[in-house]
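A.B. asks: For reference, the structure I am asking about is given below.
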2 protein chains.
Amino acid sequence: MSTDKREHILDTAQELFSQHGFEGTSVRVLANAAGVNVAMISYYFGSKEKLFQAMIERRAGATLMTLKFILANEADSWKKMEMVIEHYIDKMFSNMSFQRIMYRELSLEQRNWLSSAIIDIVHQNFKAMVSIIEEGQRKKSFRKVDPELTIATLIGTISKITLSSELSCKLLGDINPKASIGDETHKKRIKKHMHDLLKAHLLIPKK
Amino acid sequence: MSTDKREHILDTAQELFSQHGFEGTSVRVLANAAGVNVAMISYYFGSKEKLFQAMIERRAGATLMTLKFILANEADSWKKMEMVIEHYIDKMFSNMSFQRIMYRELSLEQRNWLSSAIIDIVHQNFKAMVSIIEEGQRKKSFRKVDPELTIATLIGTISKITLSSELSCKLLGDINPKASIGDETHKKRIKKHMHDLLKAHLLIPKK
DNA sequence: GGAAATTAATTAAACGTTTGTTTAACTTTG
DNA sequence: CAAAGTTAAACAAACGTTTAATTAATTTCC
């Protein structure tokens, strides 16, 4: 079984699931888009649901590694936080279709076995980020903010923008609709906003 | 046609669409859950899709009125902002199932006619909130923050938490899983966080 | 005011599609 | 020449919707 073709089916599936949802994507349309016979999906993956699982598992967990690397760093807490902002926004923007699928799946109460798996991954990332804030608070360089909700703000703001390009473009006052979201200008703007926001929120102002 | 029964079908639809999505909810299951015959859905609403539209239109636009009321207030900008935080969080928590459907729909590229309608509503709310920040900046009581992204943070943080109760409970370190999210303790905690966050972000610290 | 006529509401069954999956025959590959 | 890959066709089950028959409610008329 050629790995290329398998990967190509997974790529197509990710794109279509992101656009139309799992239930909204038929295996026939999917196979057509990937340029393979319908039977190949069962042949390669066993079933549509197992294809979905394979697609998730391919990408999941990739974020955690970089986070642990940042965490192990010698830098002070705010420097770490800056690195997390930078890294997390890059990650989200380069993985938009996958992020959409993941968060949509979490908001559904179908396929609970999958939700639990996703929650585990998200939870690990979340804890890693929270620990940076807690460290900063122990070192008295961060204020006594709500650590969990502060991270929820970071993640929530970014996924809000990532989730619907069409909406975001309109809200952020953009002219050209589809193309622009996720481009460098936007990314920079969001990075600056998150940086300013968390700086004002976390850092104790110097006298 | 009894309005009660129509409303009851819409209630059931909202609950099931919220849990399993539009494509994931069959008209038979829906009719069964509502305790009516399958044919009644076509009879009352014309089609499954028109039922969906009716369900959206029933709730949409309700937020805007209160916002305009706050906007027309005599209070200073920060007071207005505090009112928005209070009102918006209450609204989101009392309408969780509907919010899930709305944001899920926005992240899909199905039914574009509906997405546009939803975007219009969200956009109006969004603009109203942005205008408060811009007013505060004109009056020199708010800092030169990014107005659009600041509102995106407010909305994003809350919908992040509203979207998946299961995840939120785990992330916010809760013991009992389903029941607690959306209760008063949580709501207060989120309100305090948003209040502190936006205060630090928006207000110019006194010398 | 009550029987008759008319309209509205409700039902079970059937409709034609589309769904995900499997089969069996065929082709390519090592 | 056996194993793996690929195909079109067929599978049963589920889908949204419609039909035709029946019951309930409302209106009409004397």
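The chains in the structure tokens are called A, B, ... from first to last as shown; in each chain the residues are counted from 1, and the ligands are counted from 1 in the order shown.
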Check which residues of region 43-93 of chain B sit at most 12 Å from region 11-24 of chain D using only C-alpha atoms (C1' of nucleotides), and return one row each with the closest pair of atoms and their distance in Å to one decimal, ordered by chain and rising number, as a Markdown table.

C.D. replies:
```
| residue | atom | partner | partner_atom | distance |
| --- | --- | --- | --- | --- |
| B:Tyr43 | CA | D:DT17 | C1' | 10.2 |
| B:Gly46 | CA | D:DT17 | C1' | 9.4 |
| B:Ser47 | CA | D:DT17 | C1' | 7.9 |
| B:Lys48 | CA | D:DG16 | C1' | 7.5 |
| B:Glu49 | CA | D:DG16 | C1' | 10.0 |
```

A.B. asks: Dump C-alpha atoms for the selected residues as a PDB file, in the first residue's frame?

C.D. replies:
```pdb
ATOM      1  CA  TYR B  43     -45.939  19.698   7.367  1.00  0.00           C
ATOM      2  CA  GLY B  46     -41.546  22.424   4.746  1.00  0.00           C
ATOM      3  CA  SER B  47     -38.202  20.685   5.112  1.00  0.00           C
ATOM      4  CA  LYS B  48     -35.454  19.833   7.564  1.00  0.00           C
ATOM      5  CA  GLU B  49     -33.388  22.748   6.329  1.00  0.00           C
TER       6      GLU B  49
END
```

A.B. asks: Can you tell me which residues surround Lys91 (chain B) at a distance of at most 12 Å, considering only C-alpha atoms (C1' of nucleotides), apart from same-chain residues fewer than 2 positions away, and format the answer as a PyMOL selection string?

C.D. replies: chain B and resi 59-64+66-67+84-89+93-99+155+158-159+162+182+187

A.B. asks: Report, in Å to a single decimal, how far apart CA of Gly24 (chain A) and CA of Leu167 (chain A) are.

C.D. replies: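 Straight-line distance from CA of Leu167 (chain A) to CA of Gly24 (chain A) works out to 20.9 Å.
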
A.B. asks: Report as a VMD selection string the set of chain C residues whose atoms approach chain B to within 8 Å, with distances computed over only C-alpha atoms (C1' of nucleotides).

C.D. replies: chain C and resid 8 to 11

A.B. asks: Next, dump the selected residues to file, keeping only N, CA and C atoms (P, O5', C5', C4', C3', O3' and C1' of nucleotides), as a PDB file, in the first residue's frame.

C.D. replies:
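The file below, again-v1.pdb, is the result:
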```pdb
ATOM      1  P    DA C   8     -57.269  25.285   6.368  1.00  0.00           P
ATOM      2  O5'  DA C   8     -56.834  24.408   7.630  1.00  0.00           O
ATOM      3  C5'  DA C   8     -57.274  24.786   8.926  1.00  0.00           C
ATOM      4  C4'  DA C   8     -56.856  23.711   9.923  1.00  0.00           C
ATOM      5  C3'  DA C   8     -55.358  23.380   9.890  1.00  0.00           C
ATOM      6  O3'  DA C   8     -54.870  23.454  11.222  1.00  0.00           O
ATOM      7  C1'  DA C   8     -56.646  21.389   9.703  1.00  0.00           C
ATOM      8  P    DA C   9     -53.347  23.135  11.551  1.00  0.00           P
ATOM      9  O5'  DA C   9     -53.417  21.624  12.059  1.00  0.00           O
ATOM     10  C5'  DA C   9     -54.236  21.316  13.188  1.00  0.00           C
ATOM     11  C4'  DA C   9     -54.137  19.836  13.493  1.00  0.00           C
ATOM     12  C3'  DA C   9     -52.713  19.301  13.666  1.00  0.00           C
ATOM     13  O3'  DA C   9     -52.683  18.571  14.877  1.00  0.00           O
ATOM     14  C1'  DA C   9     -53.905  17.980  12.094  1.00  0.00           C
ATOM     15  P    DT C  10     -51.302  17.984  15.438  1.00  0.00           P
ATOM     16  O5'  DT C  10     -51.316  16.498  14.851  1.00  0.00           O
ATOM     17  C5'  DT C  10     -52.293  15.581  15.338  1.00  0.00           C
ATOM     18  C4'  DT C  10     -52.228  14.295  14.546  1.00  0.00           C
ATOM     19  C3'  DT C  10     -50.853  13.636  14.466  1.00  0.00           C
ATOM     20  O3'  DT C  10     -50.837  12.512  15.318  1.00  0.00           O
ATOM     21  C1'  DT C  10     -52.080  13.470  12.424  1.00  0.00           C
ATOM     22  P    DT C  11     -49.504  11.633  15.469  1.00  0.00           P
ATOM     23  O5'  DT C  11     -49.734  10.469  14.423  1.00  0.00           O
ATOM     24  C5'  DT C  11     -50.891   9.637  14.535  1.00  0.00           C
ATOM     25  C4'  DT C  11     -51.026   8.775  13.307  1.00  0.00           C
ATOM     26  C3'  DT C  11     -49.768   7.994  12.956  1.00  0.00           C
ATOM     27  O3'  DT C  11     -49.867   6.691  13.482  1.00  0.00           O
ATOM     28  C1'  DT C  11     -50.875   8.917  11.013  1.00  0.00           C
TER      29       DT C  11
END
```

A.B. asks: Between CA of Ser141 (chain B) and CA of Ile204 (chain B), measure the distance and give it in Å to one decimal.

C.D. replies: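 Those two atoms sit 6.6 Å apart.
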